[in-house]
Structure formats: structure tokens, C-alpha cells
$ cat start35.txt   # compact mmCIF, C-alpha atoms
# COMPACT_ATOMS: atom_id res chain seq x y z
CA MET A 1 -57.82 171.57 90.17
CA PHE A 2 -60.25 173.97 91.86
CA GLU A 3 -63.89 173.02 92.30
CA GLN A 4 -65.08 175.51 89.65
CA GLU A 5 -62.52 174.22 87.14
CA ALA A 6 -63.48 170.61 87.93
CA SER A 7 -67.07 171.36 86.94
CA LEU A 8 -65.89 172.67 83.56
CA VAL A 9 -63.33 169.96 82.72
CA PRO A 10 -63.87 166.16 82.55
CA PRO A 11 -61.66 164.31 85.09
CA TRP A 12 -59.94 162.22 82.40
CA LEU A 13 -58.81 165.10 80.18
CA GLU A 14 -55.63 166.23 81.94
CA PRO A 15 -54.28 162.67 82.45
CA MET A 16 -54.98 161.93 78.77
CA LEU A 17 -53.16 165.09 77.63
CA ARG A 18 -50.11 164.05 79.68
CA THR A 19 -50.10 160.49 78.33
CA ALA A 20 -47.40 159.34 75.91
CA PHE A 21 -49.03 157.61 72.96
CA PHE A 22 -47.65 155.42 70.15
CA THR A 23 -45.26 153.51 72.32
CA VAL A 24 -44.99 149.73 71.80
CA CYS A 25 -47.27 147.65 74.01
CA ARG A 26 -45.30 145.57 76.50
CA THR A 27 -47.80 142.73 76.33
CA HIS A 28 -48.40 142.57 72.56
CA GLY A 29 -45.11 143.94 71.25
CA ASP A 30 -44.78 141.24 68.57
CA ALA A 31 -48.28 141.81 67.14
CA ALA A 32 -49.03 143.90 64.06
CA ARG A 33 -51.14 146.50 65.87
CA SER A 34 -49.13 146.84 69.04
CA GLU A 35 -48.80 150.65 69.21
CA CYS A 36 -50.52 152.22 72.21
CA ASN A 37 -52.88 154.70 70.61
CA MET A 38 -56.03 154.24 72.69
CA TYR A 39 -57.23 155.73 75.95
CA CYS A 40 -60.00 154.51 78.27
CA LEU A 41 -62.15 157.24 79.79
CA ASP A 42 -63.48 154.84 82.42
CA CYS A 43 -60.12 153.57 83.67
CA ASN A 44 -58.34 156.92 83.11
CA ASP A 45 -54.96 155.26 83.46
CA HIS A 46 -52.58 154.86 80.50
CA ALA A 47 -52.44 154.25 76.76
CA PHE A 48 -52.94 150.74 75.39
CA CYS A 49 -53.09 148.91 72.08
CA PHE A 50 -55.85 147.38 69.98
CA TYR A 51 -55.46 143.94 71.60
CA CYS A 52 -55.59 145.34 75.12
CA ARG A 53 -58.85 147.02 74.27
CA SER A 54 -60.39 143.73 73.20
CA SER A 55 -59.29 141.94 76.36
CA LYS A 56 -59.50 144.59 79.11
CA HIS A 57 -61.70 147.49 77.91
CA LYS A 58 -64.36 145.74 75.85
CA ASP A 59 -67.34 147.48 77.48
CA HIS A 60 -65.57 150.74 78.35
CA GLN A 61 -65.67 154.15 76.69
CA VAL A 62 -62.48 154.32 74.62
CA ILE A 63 -61.18 156.93 72.18
CA GLN A 64 -58.46 156.42 69.59
CA ILE A 65 -55.58 158.89 69.27
CA ARG A 66 -54.07 159.46 65.84
CA ARG A 67 -50.94 161.18 64.55
CA SER A 68 -50.33 164.11 62.24
CA SER A 69 -46.77 165.39 61.69
CA TYR A 70 -45.66 163.72 64.93
CA HIS A 71 -48.42 165.40 66.93
CA ASP A 72 -51.38 163.68 68.60
CA VAL A 73 -54.88 164.38 67.29
CA VAL A 74 -58.36 163.01 67.84
CA ARG A 75 -61.23 162.95 65.38
CA VAL A 76 -63.94 165.52 65.97
CA GLY A 77 -66.65 162.94 65.31
CA GLU A 78 -65.24 160.75 68.06
CA ILE A 79 -64.86 163.33 70.82
CA GLN A 80 -67.54 165.96 70.24
CA ASN A 81 -70.22 163.68 71.72
CA ILE A 82 -68.41 163.40 75.06
CA MET A 83 -67.05 166.93 75.53
CA ASP A 84 -67.57 170.46 74.26
CA ILE A 85 -64.72 171.34 71.88
CA SER A 86 -66.14 174.68 70.75
CA GLY A 87 -63.51 177.39 70.39
CA VAL A 88 -60.78 174.94 69.32
CA GLN A 89 -59.40 175.13 65.78
CA THR A 90 -60.26 172.05 63.71
CA TYR A 91 -58.30 170.71 60.74
CA VAL A 92 -59.06 168.28 57.93
CA ILE A 93 -56.39 165.57 57.77
CA ASN A 94 -56.78 162.46 55.60
CA SER A 95 -60.40 163.43 54.86
CA ALA A 96 -61.26 163.52 58.59
CA ARG A 97 -61.80 166.59 60.76
CA VAL A 98 -59.58 166.52 63.84
CA VAL A 99 -58.40 168.63 66.79
CA PHE A 100 -54.90 168.60 68.26
CA LEU A 101 -54.47 167.40 71.82
CA ASN A 102 -51.67 169.75 72.86
CA GLU A 103 -49.93 172.95 71.87
CA ARG A 104 -47.43 172.68 68.99
CA PRO A 105 -44.31 174.86 69.30
CA GLN A 106 -43.85 177.47 66.57
CA PRO A 107 -42.26 180.90 66.14
CA ARG A 108 -44.31 183.86 67.27
CA SER A 109 -46.96 184.85 64.75
CA GLY A 110 -45.94 187.75 62.53
CA LYS A 111 -47.89 190.87 61.69
CA GLY A 112 -50.97 190.57 59.57
CA VAL A 113 -52.19 187.33 61.16
CA ALA A 114 -55.94 187.63 61.67
CA HIS A 115 -56.48 184.89 64.25
CA ILE A 116 -54.18 183.59 66.98
CA CYS A 117 -54.49 181.19 69.90
CA GLU A 118 -55.27 183.06 73.13
CA ILE A 119 -52.77 180.92 75.08
CA CYS A 120 -49.73 180.16 72.91
CA GLY A 121 -50.11 182.77 70.17
CA ARG A 122 -50.12 180.23 67.35
CA SER A 123 -51.68 181.50 64.11
CA LEU A 124 -55.07 179.98 63.36
CA LEU A 125 -56.87 179.45 60.07
CA ASP A 126 -60.31 180.46 61.33
CA PRO A 127 -61.74 182.69 64.09
CA PHE A 128 -61.26 180.17 66.92
CA ARG A 129 -59.91 180.92 70.39
CA PHE A 130 -57.53 177.99 70.90
CA CYS A 131 -55.22 175.83 68.79
CA SER A 132 -55.67 172.64 70.85
CA LEU A 133 -57.53 170.99 73.70
CA GLY A 134 -54.55 171.70 75.95
CA CYS A 135 -54.70 175.43 75.24
CA LYS A 136 -58.44 175.49 75.90
CA LEU A 137 -57.76 173.78 79.22
CA ALA A 138 -55.19 176.49 80.03
CA GLY A 139 -57.77 179.13 79.11
CA ILE A 140 -60.32 177.62 81.50
CA LYS A 141 -57.76 177.60 84.30
CA ARG A 142 -56.80 181.20 83.55
CA ASP A 143 -60.19 182.92 83.51
CA GLY A 144 -62.92 180.25 83.45
CA ASN A 145 -64.80 181.72 80.46
CA ALA A 146 -64.87 178.43 78.54
CA SER A 147 -65.99 174.90 79.27
CA PHE A 148 -65.60 171.31 78.11
CA THR A 149 -68.90 170.30 79.71
CA LEU A 150 -71.69 169.51 77.27
CA GLU A 151 -74.42 170.11 79.85
CA ILE A 152 -73.48 173.77 80.23
CA LYS A 153 -73.54 174.22 76.49
CA ASN A 154 -76.93 172.49 76.25
CA GLU A 155 -78.39 174.60 79.06
CA ALA A 156 -77.29 177.78 77.34
CA PHE A 157 -78.80 176.52 74.10
CA MET A 158 -82.08 175.69 75.82
CA GLU A 159 -82.19 179.13 77.47
CA ARG A 160 -81.71 180.78 74.08
CA LYS A 161 -84.35 178.49 72.57
CA GLU A 162 -86.83 179.26 75.37
CA GLY A 163 -86.13 182.98 74.96
CA ILE A 164 -86.86 182.77 71.24
CA SER A 165 -90.04 180.77 71.95
CA ARG A 166 -91.20 183.41 74.42
CA GLN A 167 -90.58 186.15 71.86
CA VAL A 168 -92.50 184.24 69.18
CA SER A 169 -95.36 183.55 71.64
CA SER A 170 -95.47 187.22 72.63
CA ARG A 171 -95.66 188.29 68.99
CA LYS A 172 -98.44 185.80 68.31
CA GLN A 173 -100.43 187.05 71.31
CA GLU A 174 -100.00 190.63 70.12
CA GLU A 175 -101.22 189.64 66.64
CA LEU A 176 -104.23 187.90 68.16
CA ARG A 177 -105.07 191.01 70.20
CA GLU A 178 -104.85 193.17 67.10
CA ASP A 179 -107.06 190.76 65.16
CA SER A 180 -109.65 190.71 67.96
CA GLN A 181 -109.72 194.51 68.06
CA HIS A 182 -110.40 194.54 64.33
CA ASP A 183 -113.31 192.17 64.88
CA ILE A 184 -114.80 194.22 67.73
CA TYR A 185 -114.31 197.58 66.11
CA PRO A 186 -114.76 197.10 62.37
CA PRO A 187 -113.52 199.98 60.28
CA THR A 188 -116.16 202.62 59.54
CA THR A 189 -116.83 203.15 55.87
CA HIS A 190 -117.80 206.66 54.81
CA LYS A 191 -120.02 207.00 51.74
CA PRO A 192 -118.83 209.66 49.38
CA PRO A 193 -121.19 212.67 49.28
CA SER A 194 -123.61 212.61 46.35
CA SER A 195 -123.14 215.41 43.85
CA ALA A 196 -126.76 215.16 42.63
CA ARG A 197 -129.36 217.40 44.27
CA ARG A 198 -132.16 215.81 46.12
CA ARG A 199 -135.45 216.02 44.22
CA LYS A 200 -138.06 218.15 45.85
CA GLY A 201 -141.53 216.85 46.49
CA VAL A 202 -144.48 217.46 44.13
CA PRO A 203 -145.88 221.02 44.73
CA HIS A 204 -149.48 221.36 45.88
CA ARG A 205 -151.70 224.39 45.17
CA ALA A 206 -153.40 226.10 47.99
CA PRO A 207 -157.15 225.57 47.96
CA PHE A 208 -159.32 228.45 46.62
CA GLY A 209 -161.18 230.41 49.16
CA SER A 210 -164.98 230.31 49.06
$ encode --input "start35.txt" --output "C-alpha cells"
Amino acid sequence: MFEQEASLVPPWLEPMLRTAFFTVCRTHGDAARSECNMYCLDCNDHAFCFYCRSSKHKDHQVIQIRRSSYHDVVRVGEIQNIMDISGVQTYVINSARVVFLNERPQPRSGKGVAHICEICGRSLLDPFRFCSLGCKLAGIKRDGNASFTLEIKNEAFMERKEGISRQVSSRKQEELREDSQHDIYPPTTHKPPSSARRRKGVPHRAPFGS
């Protein structure tokens, strides 16, 4: 992976997408919860079962992979805090919102489909760019105009927030300047002209000559 791609993709993502889940654990094969449906982001190695997590990954960051129609999914609430999944179609399965890990083969989308995956062409329910985390990864590798890194998303959000704050501050300063001008130069009030004639003074007779 190139340096630019590495800054946009967490190092554990590609190994996790290549991992085969829901195999039987070799160590705890006889136990009730022996299917390997967990992945450790710290070890970044292989899938393991519930009992392996308790014994080997107790203090590690672990996510649980689930299944829908024989395809691997992960709950949005579990992964959105560790990576940016924006642009990926989400689905509600068993009352939980999830995203698919990898592309799911399907016939080419027919005419009249409003939204399709930019990578595999799969029809989408909503205006998203990708059908899965794997397709978003392929999109990043192709043109780099997406990211899984939360910091980049947060920086962009902060820049927008600061821009809005500057606009609001500028408007407030302008309003204050207008208010101060009104105080310095109060509006002149013109009295309407009086229609009544002014009363002349009392007339005085000229004195008689002697």
C-alpha cells in the first residue's frame, strides 16, 4: 500500500477483509461458542472464538463479525467509532444497522436503478457510493477521494464549524457597527409644516405731531 493510501486506511482493515470467519476453533472445537467470529485490531492476525477472546485478547480492541445470507457484516455501532464508514450503504438486519465487509456478487444492475456502487455496480437502496467496506477500500486505492480515517473527517468538520463561526462573528460585528452608527447619528425628525398663519403683533399708532 502506498504512503498516501496508508494514511487513509487503518493497517488492520485489509487483513480483516481477507480473513475467513465462522470456521471452528481448533482449540475450543467442542465448546458451544466455538465459531471464529471475532477479530483483534491490536494483534491483526486471524479470527478467533469467544473463549479465545477471554483468554488471549481480554484487554485488546476486538470487533465481532456477524452473518447475513452467508455474507460477513459488522454492526455500525461497533465500527463507526474506530473508522469512518461514510459513503458505505448500511442495512438493518435483525433490528441492528450493519455494513457488509466485502462485495457480494450479483448480476449487473438493470436500467432505472437510481444508485449503484462505484466499484462493483451493485444496486444500492440509498444515495451511497459503495456497497461494502471492501469496495470503499478499492475506491480509495483507485482515486483517493475517500477515507477510513476519523481524524480527517473530524478536521474537515472542524474547518466547516470554524468557517460558520467566522461568518456568524462577521455578521454580529456588522450588526454592532450598524447599531453604533444609529447611536451616533440619530435619525432627524422633520416637523410637519403648520397650516395656521402666524399671528401678527399688536399694531401701534404713530404718535401725533405737536
$ closest_residue --input "start35.txt" --among "A:Cys43, A:Arg26, A:Gly121, A:Ser95" --to "Arg75 (chain A)" --atoms "all atoms listed in the file"
A:Ser95
$ atom_distance --input "start35.txt" --atom1 "CA of Leu41 (chain A)" --atom2 "CA of Ala20 (chain A)"
15.4 Å
$ closest_residue --input "start35.txt" --among "A:Trp12, A:Tyr70, A:Phe148, A:Phe22" --to "Cys49 (chain A)" --atoms "all atoms listed in the file"
A:Phe22
$ residues_around --input "start35.txt" --residues "Leu17 (chain A)" --least-positions-apart "3" --cutoff "7 Å" --atoms "only C-alpha atoms" --output "VMD selection string"
chain A and resid 13 to 14 101 to 102 134
$ atom_distance --input "start35.txt" --atom1 "CA of Glu103 (chain A)" --atom2 "CA of Ser123 (chain A)"
11.7 Å
$ residues_around --input "start35.txt" --residues "Asn44 (chain A)" --least-positions-apart "3" --cutoff "12 Å" --atoms "only C-alpha atoms" --output "MDAnalysis selection string"
chainID A and resid 10:19 38:41 47:48 57 60:63
$ write_last_selection --input "start35.txt" --atoms "C-alpha atoms" --output "PDB file, keeping the file's coordinate frame"
ATOM      1  CA  PRO A  10     -63.870 166.160  82.550  1.00  0.00           C
ATOM      2  CA  PRO A  11     -61.660 164.310  85.090  1.00  0.00           C
ATOM      3  CA  TRP A  12     -59.940 162.220  82.400  1.00  0.00           C
ATOM      4  CA  LEU A  13     -58.810 165.100  80.180  1.00  0.00           C
ATOM      5  CA  GLU A  14     -55.630 166.230  81.940  1.00  0.00           C
ATOM      6  CA  PRO A  15     -54.280 162.670  82.450  1.00  0.00           C
ATOM      7  CA  MET A  16     -54.980 161.930  78.770  1.00  0.00           C
ATOM      8  CA  LEU A  17     -53.160 165.090  77.630  1.00  0.00           C
ATOM      9  CA  ARG A  18     -50.110 164.050  79.680  1.00  0.00           C
ATOM     10  CA  THR A  19     -50.100 160.490  78.330  1.00  0.00           C
ATOM     11  CA  MET A  38     -56.030 154.240  72.690  1.00  0.00           C
ATOM     12  CA  TYR A  39     -57.230 155.730  75.950  1.00  0.00           C
ATOM     13  CA  CYS A  40     -60.000 154.510  78.270  1.00  0.00           C
ATOM     14  CA  LEU A  41     -62.150 157.240  79.790  1.00  0.00           C
ATOM     15  CA  ALA A  47     -52.440 154.250  76.760  1.00  0.00           C
ATOM     16  CA  PHE A  48     -52.940 150.740  75.390  1.00  0.00           C
ATOM     17  CA  HIS A  57     -61.700 147.490  77.910  1.00  0.00           C
ATOM     18  CA  HIS A  60     -65.570 150.740  78.350  1.00  0.00           C
ATOM     19  CA  GLN A  61     -65.670 154.150  76.690  1.00  0.00           C
ATOM     20  CA  VAL A  62     -62.480 154.320  74.620  1.00  0.00           C
ATOM     21  CA  ILE A  63     -61.180 156.930  72.180  1.00  0.00           C
TER      22      ILE A  63
END
$ closest_residue --input "start35.txt" --among "A:Gln89, A:Glu35, A:Leu133, A:Tyr51" --to "His115 (chain A)" --atoms "all atoms listed in the file"
A:Gln89
$ closest_residue --input "start35.txt" --among "A:Ser7, A:Ile82, A:Ser132, A:Val73" --to "Phe21 (chain A)" --atoms "only C-alpha atoms"
A:Val73
$ residues_around --input "start35.txt" --residues "Cys25 (chain A)" --least-positions-apart "3" --cutoff "6 Å" --atoms "only C-alpha atoms" --output "VMD selection string"
chain A and resid 28 to 29 34 to 36
$ atom_distance --input "start35.txt" --atom1 "CA of Ala96 (chain A)" --atom2 "CA of Cys117 (chain A)"
22.0 Å
$ closest_residue --input "start35.txt" --among "A:Leu8, A:Ile140, A:Met83, A:Ile65" --to "Val98 (chain A)" --atoms "all atoms listed in the file"
A:Ile65
$ closest_residue --input "start35.txt" --among "A:Val9, A:Arg33, A:Gln80, A:Thr27" --to "Leu137 (chain A)" --atoms "only C-alpha atoms"
A:Val9
$ residues_near_point --input "start35.txt" --point "(-62.7, 183.2, 62.4)" --cutoff "12 Å" --atoms "all atoms listed in the file" --output "list in words"
Gly87, Val88, Gln89, Thr90, Val113, Ala114, His115, Ile116, Cys117, Ser123, Leu124, Leu125, Asp126, Pro127, Phe128, Arg129 and Phe130 of chain A
$ build_atoms --input "start35.txt" --residues "region 37-61 of chain A" --atoms "N, CA, C and O atoms" --output "PDB file, keeping the file's coordinate frame"
ATOM      1  N   ASN A  37     -52.240 153.491  71.118  1.00  0.00           N
ATOM      2  CA  ASN A  37     -52.880 154.700  70.610  1.00  0.00           C
ATOM      3  C   ASN A  37     -54.329 154.816  71.061  1.00  0.00           C
ATOM      4  O   ASN A  37     -55.143 155.485  70.405  1.00  0.00           O
ATOM      5  N   MET A  38     -54.669 154.177  72.162  1.00  0.00           N
ATOM      6  CA  MET A  38     -56.030 154.240  72.690  1.00  0.00           C
ATOM      7  C   MET A  38     -56.012 154.635  74.153  1.00  0.00           C
ATOM      8  O   MET A  38     -55.037 154.391  74.867  1.00  0.00           O
ATOM      9  N   TYR A  39     -57.133 155.264  74.569  1.00  0.00           N
ATOM     10  CA  TYR A  39     -57.230 155.730  75.950  1.00  0.00           C
ATOM     11  C   TYR A  39     -58.635 155.440  76.465  1.00  0.00           C
ATOM     12  O   TYR A  39     -59.637 155.733  75.794  1.00  0.00           O
ATOM     13  N   CYS A  40     -58.715 154.881  77.673  1.00  0.00           N
ATOM     14  CA  CYS A  40     -60.000 154.510  78.270  1.00  0.00           C
ATOM     15  C   CYS A  40     -60.450 155.620  79.212  1.00  0.00           C
ATOM     16  O   CYS A  40     -59.750 155.965  80.168  1.00  0.00           O
ATOM     17  N   LEU A  41     -61.614 156.168  78.955  1.00  0.00           N
ATOM     18  CA  LEU A  41     -62.150 157.240  79.790  1.00  0.00           C
ATOM     19  C   LEU A  41     -62.682 156.712  81.115  1.00  0.00           C
ATOM     20  O   LEU A  41     -62.800 157.477  82.079  1.00  0.00           O
ATOM     21  N   ASP A  42     -63.000 155.438  81.175  1.00  0.00           N
ATOM     22  CA  ASP A  42     -63.480 154.840  82.420  1.00  0.00           C
ATOM     23  C   ASP A  42     -62.328 154.517  83.362  1.00  0.00           C
ATOM     24  O   ASP A  42     -62.397 154.814  84.561  1.00  0.00           O
ATOM     25  N   CYS A  43     -61.275 153.928  82.836  1.00  0.00           N
ATOM     26  CA  CYS A  43     -60.120 153.570  83.670  1.00  0.00           C
ATOM     27  C   CYS A  43     -59.232 154.788  83.949  1.00  0.00           C
ATOM     28  O   CYS A  43     -58.644 154.903  85.028  1.00  0.00           O
ATOM     29  N   ASN A  44     -59.106 155.682  82.960  1.00  0.00           N
ATOM     30  CA  ASN A  44     -58.340 156.920  83.110  1.00  0.00           C
ATOM     31  C   ASN A  44     -56.938 156.632  83.637  1.00  0.00           C
ATOM     32  O   ASN A  44     -56.489 157.212  84.628  1.00  0.00           O
ATOM     33  N   ASP A  45     -56.238 155.738  82.933  1.00  0.00           N
ATOM     34  CA  ASP A  45     -54.960 155.260  83.460  1.00  0.00           C
ATOM     35  C   ASP A  45     -53.808 155.510  82.501  1.00  0.00           C
ATOM     36  O   ASP A  45     -52.991 156.407  82.704  1.00  0.00           O
ATOM     37  N   HIS A  46     -53.718 154.751  81.404  1.00  0.00           N
ATOM     38  CA  HIS A  46     -52.580 154.860  80.500  1.00  0.00           C
ATOM     39  C   HIS A  46     -53.013 154.432  79.098  1.00  0.00           C
ATOM     40  O   HIS A  46     -54.117 153.913  78.903  1.00  0.00           O
ATOM     41  N   ALA A  47     -52.146 154.648  78.132  1.00  0.00           N
ATOM     42  CA  ALA A  47     -52.440 154.250  76.760  1.00  0.00           C
ATOM     43  C   ALA A  47     -52.298 152.746  76.598  1.00  0.00           C
ATOM     44  O   ALA A  47     -51.542 152.092  77.324  1.00  0.00           O
ATOM     45  N   PHE A  48     -53.005 152.188  75.641  1.00  0.00           N
ATOM     46  CA  PHE A  48     -52.940 150.740  75.390  1.00  0.00           C
ATOM     47  C   PHE A  48     -53.197 150.491  73.914  1.00  0.00           C
ATOM     48  O   PHE A  48     -53.602 151.389  73.156  1.00  0.00           O
ATOM     49  N   CYS A  49     -52.986 149.257  73.492  1.00  0.00           N
ATOM     50  CA  CYS A  49     -53.090 148.910  72.080  1.00  0.00           C
ATOM     51  C   CYS A  49     -54.445 148.287  71.739  1.00  0.00           C
ATOM     52  O   CYS A  49     -55.300 148.082  72.611  1.00  0.00           O
ATOM     53  N   PHE A  50     -54.612 147.956  70.487  1.00  0.00           N
ATOM     54  CA  PHE A  50     -55.850 147.380  69.980  1.00  0.00           C
ATOM     55  C   PHE A  50     -56.203 146.077  70.699  1.00  0.00           C
ATOM     56  O   PHE A  50     -57.361 145.826  71.025  1.00  0.00           O
ATOM     57  N   TYR A  51     -55.211 145.244  70.976  1.00  0.00           N
ATOM     58  CA  TYR A  51     -55.460 143.940  71.600  1.00  0.00           C
ATOM     59  C   TYR A  51     -55.809 144.098  73.076  1.00  0.00           C
ATOM     60  O   TYR A  51     -56.628 143.339  73.601  1.00  0.00           O
ATOM     61  N   CYS A  52     -55.222 145.084  73.726  1.00  0.00           N
ATOM     62  CA  CYS A  52     -55.590 145.340  75.120  1.00  0.00           C
ATOM     63  C   CYS A  52     -57.035 145.810  75.231  1.00  0.00           C
ATOM     64  O   CYS A  52     -57.742 145.480  76.184  1.00  0.00           O
ATOM     65  N   ARG A  53     -57.467 146.557  74.248  1.00  0.00           N
ATOM     66  CA  ARG A  53     -58.850 147.020  74.270  1.00  0.00           C
ATOM     67  C   ARG A  53     -59.809 145.836  74.202  1.00  0.00           C
ATOM     68  O   ARG A  53     -60.812 145.800  74.927  1.00  0.00           O
ATOM     69  N   SER A  54     -59.513 144.886  73.354  1.00  0.00           N
ATOM     70  CA  SER A  54     -60.390 143.730  73.200  1.00  0.00           C
ATOM     71  C   SER A  54     -60.446 142.878  74.460  1.00  0.00           C
ATOM     72  O   SER A  54     -61.487 142.295  74.788  1.00  0.00           O
ATOM     73  N   SER A  55     -59.350 142.830  75.203  1.00  0.00           N
ATOM     74  CA  SER A  55     -59.290 141.940  76.360  1.00  0.00           C
ATOM     75  C   SER A  55     -59.630 142.623  77.690  1.00  0.00           C
ATOM     76  O   SER A  55     -60.183 141.994  78.589  1.00  0.00           O
ATOM     77  N   LYS A  56     -59.332 143.927  77.821  1.00  0.00           N
ATOM     78  CA  LYS A  56     -59.500 144.590  79.110  1.00  0.00           C
ATOM     79  C   LYS A  56     -60.500 145.741  79.119  1.00  0.00           C
ATOM     80  O   LYS A  56     -60.954 146.160  80.184  1.00  0.00           O
ATOM     81  N   HIS A  57     -60.835 146.299  77.948  1.00  0.00           N
ATOM     82  CA  HIS A  57     -61.700 147.490  77.910  1.00  0.00           C
ATOM     83  C   HIS A  57     -62.868 147.292  76.933  1.00  0.00           C
ATOM     84  O   HIS A  57     -63.323 148.248  76.304  1.00  0.00           O
ATOM     85  N   LYS A  58     -63.348 146.082  76.846  1.00  0.00           N
ATOM     86  CA  LYS A  58     -64.360 145.740  75.850  1.00  0.00           C
ATOM     87  C   LYS A  58     -65.630 146.566  76.005  1.00  0.00           C
ATOM     88  O   LYS A  58     -66.210 147.037  75.019  1.00  0.00           O
ATOM     89  N   ASP A  59     -66.084 146.762  77.237  1.00  0.00           N
ATOM     90  CA  ASP A  59     -67.340 147.480  77.480  1.00  0.00           C
ATOM     91  C   ASP A  59     -67.105 148.885  78.012  1.00  0.00           C
ATOM     92  O   ASP A  59     -68.022 149.506  78.567  1.00  0.00           O
ATOM     93  N   HIS A  60     -65.901 149.414  77.841  1.00  0.00           N
ATOM     94  CA  HIS A  60     -65.570 150.740  78.350  1.00  0.00           C
ATOM     95  C   HIS A  60     -65.663 151.794  77.232  1.00  0.00           C
ATOM     96  O   HIS A  60     -65.725 151.458  76.046  1.00  0.00           O
ATOM     97  N   GLN A  61     -65.669 153.043  77.653  1.00  0.00           N
ATOM     98  CA  GLN A  61     -65.670 154.150  76.690  1.00  0.00           C
ATOM     99  C   GLN A  61     -64.218 154.473  76.321  1.00  0.00           C
ATOM    100  O   GLN A  61     -63.448 154.954  77.138  1.00  0.00           O
TER     101      GLN A  61
END
